[in-house]
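Novice: Contents of start.cif (mmCIF, C-alpha atoms and all ligand atoms) are given next:
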data_upload
loop_
_atom_site.label_atom_id
_atom_site.label_comp_id
_atom_site.auth_asym_id
_atom_site.auth_seq_id
_atom_site.Cartn_x
_atom_site.Cartn_y
_atom_site.Cartn_z
CA MET E 1 -71.36 66.08 -175.55
CA LYS E 2 -70.08 67.44 -172.22
CA THR E 3 -72.57 69.62 -170.37
CA LEU E 4 -72.08 71.92 -167.39
CA VAL E 5 -74.93 73.35 -165.31
CA VAL E 6 -73.99 76.66 -163.67
CA TYR E 7 -76.31 78.31 -161.18
CA TYR E 8 -76.65 81.10 -158.70
CA SER E 9 -79.39 80.88 -156.10
CA ARG E 10 -80.00 83.14 -153.10
CA LYS E 11 -83.03 81.37 -151.64
CA GLY E 12 -82.57 77.89 -153.10
CA TYR E 13 -85.37 77.83 -155.70
CA THR E 14 -83.08 78.12 -158.72
CA GLU E 15 -80.75 75.61 -157.10
CA ASP E 16 -83.50 72.96 -156.95
CA LEU E 17 -84.22 73.38 -160.67
CA ALA E 18 -80.54 73.48 -161.62
CA LEU E 19 -79.64 70.33 -159.71
CA ALA E 20 -82.66 68.45 -161.12
CA ARG E 21 -81.52 69.43 -164.62
CA ALA E 22 -77.94 68.38 -163.91
CA ARG E 23 -79.22 64.96 -162.77
CA GLU E 24 -81.37 64.60 -165.92
CA GLU E 25 -78.46 65.46 -168.21
CA ASN E 26 -75.88 63.59 -166.15
CA ALA E 27 -74.00 66.90 -166.22
CA ASP E 28 -71.40 68.45 -163.95
CA PHE E 29 -72.51 71.48 -162.01
CA LEU E 30 -71.02 74.65 -160.58
CA ALA E 31 -72.69 76.69 -157.81
CA LEU E 32 -71.68 80.35 -157.94
CA GLU E 33 -71.05 82.08 -154.64
CA THR E 34 -70.38 85.74 -154.06
CA ILE E 35 -68.30 87.50 -151.42
CA GLU E 36 -71.06 90.13 -151.05
CA ASN E 37 -73.68 89.98 -148.31
CA THR E 38 -76.90 88.54 -149.78
CA ALA E 39 -78.46 87.08 -146.61
CA GLY E 40 -81.55 88.34 -144.83
CA TYR E 41 -83.10 91.77 -145.20
CA GLU E 42 -79.76 93.62 -145.25
CA GLY E 43 -78.51 91.22 -147.90
CA PHE E 44 -81.64 91.77 -149.96
CA LEU E 45 -81.05 95.54 -149.86
CA ASN E 46 -77.44 94.96 -150.86
CA CYS E 47 -78.57 92.85 -153.84
CA MET E 48 -80.98 95.64 -154.83
CA LYS E 49 -78.12 98.14 -154.67
CA PHE E 50 -76.04 96.07 -157.09
CA CYS E 51 -78.83 95.27 -159.50
CA LEU E 52 -80.21 98.82 -159.65
CA ALA E 53 -76.70 100.03 -160.49
CA GLY E 54 -76.37 97.28 -163.15
CA LYS E 55 -73.24 96.02 -161.38
CA SER E 56 -71.98 92.46 -161.14
CA MET E 57 -70.91 90.96 -157.78
CA THR E 58 -67.46 89.57 -157.03
CA LEU E 59 -67.47 85.76 -157.06
CA PHE E 60 -65.57 83.37 -154.84
CA PRO E 61 -62.94 81.61 -157.00
CA TYR E 62 -63.90 78.26 -158.59
CA GLU E 63 -61.77 75.62 -160.25
CA THR E 64 -64.10 74.54 -163.08
CA ASP E 65 -62.62 74.92 -166.57
CA VAL E 66 -65.67 76.19 -168.42
CA SER E 67 -63.95 75.95 -171.82
CA ALA E 68 -63.86 72.14 -171.43
CA TYR E 69 -67.65 71.90 -171.93
CA ASP E 70 -69.59 71.74 -175.21
CA LYS E 71 -72.72 73.22 -173.66
CA VAL E 72 -73.41 75.32 -170.56
CA ILE E 73 -76.86 75.53 -168.94
CA LEU E 74 -77.05 78.81 -167.03
CA CYS E 75 -79.63 79.03 -164.25
CA THR E 76 -80.34 82.29 -162.47
CA PRO E 77 -83.05 84.22 -160.67
CA VAL E 78 -84.17 87.47 -162.31
CA TRP E 79 -83.14 90.57 -160.33
CA CYS E 80 -84.58 94.00 -161.18
CA GLY E 81 -85.59 92.80 -164.65
CA ASP E 82 -82.02 91.67 -165.28
CA VAL E 83 -79.65 88.74 -164.74
CA SER E 84 -78.72 88.32 -161.04
CA ALA E 85 -75.50 90.19 -160.18
CA PRO E 86 -73.43 87.03 -159.43
CA MET E 87 -74.48 85.38 -162.72
CA LYS E 88 -73.65 88.63 -164.54
CA ALA E 89 -70.11 88.39 -163.15
CA PHE E 90 -69.83 84.80 -164.39
CA LEU E 91 -71.09 85.66 -167.90
CA ARG E 92 -68.65 88.55 -168.19
CA LYS E 93 -65.74 86.42 -166.98
CA GLU E 94 -66.46 83.35 -169.10
CA ARG E 95 -67.94 84.84 -172.25
CA HIS E 96 -65.02 83.68 -174.40
CA HIS E 97 -65.30 80.14 -173.05
CA ILE E 98 -69.00 79.43 -173.67
CA ARG E 99 -69.87 78.14 -177.13
CA ASN E 100 -73.43 76.83 -176.68
CA ALA E 101 -75.78 78.05 -173.99
CA GLU E 102 -79.20 77.32 -172.61
CA TYR E 103 -80.92 79.39 -169.90
CA ILE E 104 -83.24 78.63 -167.01
CA LEU E 105 -84.60 81.91 -165.61
CA VAL E 106 -86.55 81.95 -162.36
CA HIS E 107 -88.78 84.94 -161.66
CA PHE E 108 -91.40 86.11 -159.15
CA MET E 109 -93.44 88.46 -161.34
CA PRO E 110 -95.81 86.79 -163.83
CA ALA E 111 -94.43 88.70 -166.90
CA SER E 112 -92.20 87.19 -169.61
CA VAL E 113 -88.45 87.43 -169.01
CA VAL E 114 -87.34 86.91 -172.64
CA ALA E 115 -85.63 90.34 -172.46
CA VAL E 116 -83.34 88.99 -169.73
CA ALA E 117 -82.37 86.05 -171.96
CA ASP E 118 -81.64 88.53 -174.78
CA LYS E 119 -79.30 90.45 -172.45
CA MET E 120 -77.48 87.20 -171.61
CA ASP E 121 -77.11 86.50 -175.36
CA GLN E 122 -75.63 89.98 -175.77
CA ILE E 123 -73.05 89.48 -173.02
CA LEU E 124 -72.08 86.04 -174.39
CA ARG E 125 -72.33 87.18 -178.02
CA LEU E 126 -74.27 84.12 -179.09
CA LYS E 127 -77.83 82.99 -179.67
CA ARG E 128 -79.11 80.67 -176.96
CA ASP E 129 -80.21 77.12 -177.84
CA LYS E 130 -83.16 77.18 -175.46
CA LEU E 131 -84.87 79.26 -172.76
CA THR E 132 -86.95 77.94 -169.86
CA GLN E 133 -88.84 80.58 -167.86
CA VAL E 134 -90.03 79.43 -164.47
CA HIS E 135 -92.58 81.56 -162.63
CA CYS E 136 -91.88 80.76 -158.98
CA VAL E 137 -93.65 82.30 -155.99
CA CYS E 138 -92.09 81.43 -152.61
CA GLY E 139 -90.97 78.04 -153.88
CA HIS E 140 -94.22 77.20 -155.69
CA MET E 141 -93.50 76.64 -159.37
CA LEU E 142 -96.62 78.17 -160.92
CA LYS E 143 -95.74 78.03 -164.59
CA GLU E 144 -92.91 76.77 -166.75
CA GLU E 145 -92.50 77.83 -170.37
CA THR E 146 -89.85 76.51 -172.69
CA GLY E 147 -88.98 78.05 -176.05
CA ALA E 148 -86.33 79.95 -177.96
C1 LIG W 1 -82.64 91.85 -155.43
C2 LIG W 1 -83.78 91.09 -156.05
C3 LIG W 1 -84.44 91.61 -157.13
C4 LIG W 1 -85.49 90.88 -157.74
N1 LIG W 1 -86.10 91.40 -158.85
C5 LIG W 1 -87.05 90.66 -159.50
C6 LIG W 1 -87.63 91.14 -160.72
O1 LIG W 1 -87.30 92.20 -161.26
N2 LIG W 1 -88.59 90.36 -161.33
C7 LIG W 1 -88.99 89.17 -160.79
O2 LIG W 1 -89.85 88.52 -161.38
N3 LIG W 1 -88.44 88.70 -159.66
C8 LIG W 1 -87.49 89.41 -159.00
N4 LIG W 1 -86.92 88.95 -157.83
C9 LIG W 1 -87.41 87.69 -157.27
C10 LIG W 1 -86.55 86.46 -157.62
O3 LIG W 1 -86.30 86.37 -158.99
C11 LIG W 1 -87.31 85.20 -157.19
O4 LIG W 1 -87.66 85.30 -155.84
C12 LIG W 1 -86.51 83.93 -157.43
O5 LIG W 1 -87.39 82.82 -157.26
C13 LIG W 1 -85.37 83.76 -156.42
O6 LIG W 1 -84.63 82.60 -156.77
P1 LIG W 1 -83.58 81.93 -155.76
O7 LIG W 1 -84.40 81.22 -154.71
O8 LIG W 1 -82.86 80.95 -156.57
O9 LIG W 1 -82.72 83.00 -155.18
C14 LIG W 1 -85.89 89.63 -157.21
C15 LIG W 1 -85.20 89.11 -156.08
C16 LIG W 1 -84.15 89.83 -155.52
C17 LIG W 1 -83.40 89.23 -154.34
#
Let me see whether you can do it: turn the structure in this file into structure tokens.

Specialist:
Amino acid sequence: MKTLVVYYSRKGYTEDLALARAREENADFLALETIENTAGYEGFLNCMKFCLAGKSMTLFPYETDVSAYDKVILCTPVWCGDVSAPMKAFLRKERHHIRNAEYILVHFMPASVVAVADKMDQILRLKRDKLTQVHCVCGHMLKEETGA
């Protein structure tokens, strides 16, 4: 079983979780990067602009052949109650190449983010194998819930 961990992380919190998971699974990993400005306060406002409009962000090219993997673990922060704009771009681009998916969703607000996982299922047109919701406040992992 060949597993790929794919992540987007603006502040590094999702990255820590994604890389730990990749080590556990002995999986390859792919860090998504966007050409859009996401740094600092201006970057934050730019991210808000994209997520409020429901738009994806343009990604830098990557060489990974996603179709070569049996399972993909997708790790993303939640933005505006939705998938982050760079991860949305990846899902839309690769939806025909992902057969089995698991999600790790990192969020600041204490509420459930199952609805975000449902949106990812809709884009990929599959039912996820597993969802891990991580409530993270400024790098402190307050609660982790794993389920369907
Ligand atoms: C543009 C933007 C929108 C966000 N919207 C939400 C939100 O709707 N709900 C939430 O719980 N957290 C929201 N957050 C907070 C991030 O999900 C949270 O800080 C996460 O830990 C960031 O992960 P990262 O360090 O991997 O970038 C938002 C962050 C940004 C930058």

Novice: Pick out the residues sitting within 12 Å of stretch 72-74 of chain E, and hand them over as an MDAnalysis selection string; count all atoms listed in the file, and ignore anything fewer than 4 positions along from it in its own chain.

Specialist: chainID E and resid 1:9 14:15 17:19 21:22 25 27:32 64:68 83:84 86:88 90:91 94:95 97:106 117 120:121 124 128:133

Novice: Which residue is closest to E:Ser56? Choose from E:Arg23, E:Arg10, E:Lys71, E:Lys93 and count all atoms listed in the file.

Specialist: E:Lys93

Novice: Enumerate residues in contact with ligand LIG 1 (chain W): an atom-to-atom distance of at most 6 Å, counting all atoms listed in the file. Format the result as a PyMOL selection string.

Specialist: chain E and resi 9-15+44+47-48+77-81+106-109+136

Novice: Given the choices E:Asp118, E:Glu145, E:Glu33, E:Glu24, which gets closest to E:Tyr62 if the distance is worked out from all atoms listed in the file?

Specialist: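 Answer, going by the shortest atom-to-atom distance: E:Glu33.
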
Novice: To one decimal place in Å, what is the distance between atom CA of E:Met57 and atom CA of E:Tyr41?

Specialist: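 It comes out at 17.5 Å.
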
Novice: Can you work out the spacing between atom CA of E:Ile35 and atom CA of E:Ile123 in Å, to one decimal?

Specialist: 22.2 Å

Novice: Measuring atom to atom with only C-alpha atoms, identify which of E:Leu59, E:Cys138, E:Ala53, E:Val116 is nearest to E:Ala89.

Specialist: E:Leu59

Novice: Which value, in Å to one decimal, gives the distance between atom CA of E:Phe60 and atom CA of E:Val113?

Specialist: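 Here the two named atoms are 27.2 Å from each other.
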
Novice: Looking at only C-alpha atoms, which of E:Lys55, E:His140, E:Lys49, E:His135 is the one that sits closest to E:Pro110?

Specialist: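 Using only C-alpha atoms, E:Pro110 sits closest to E:His135.
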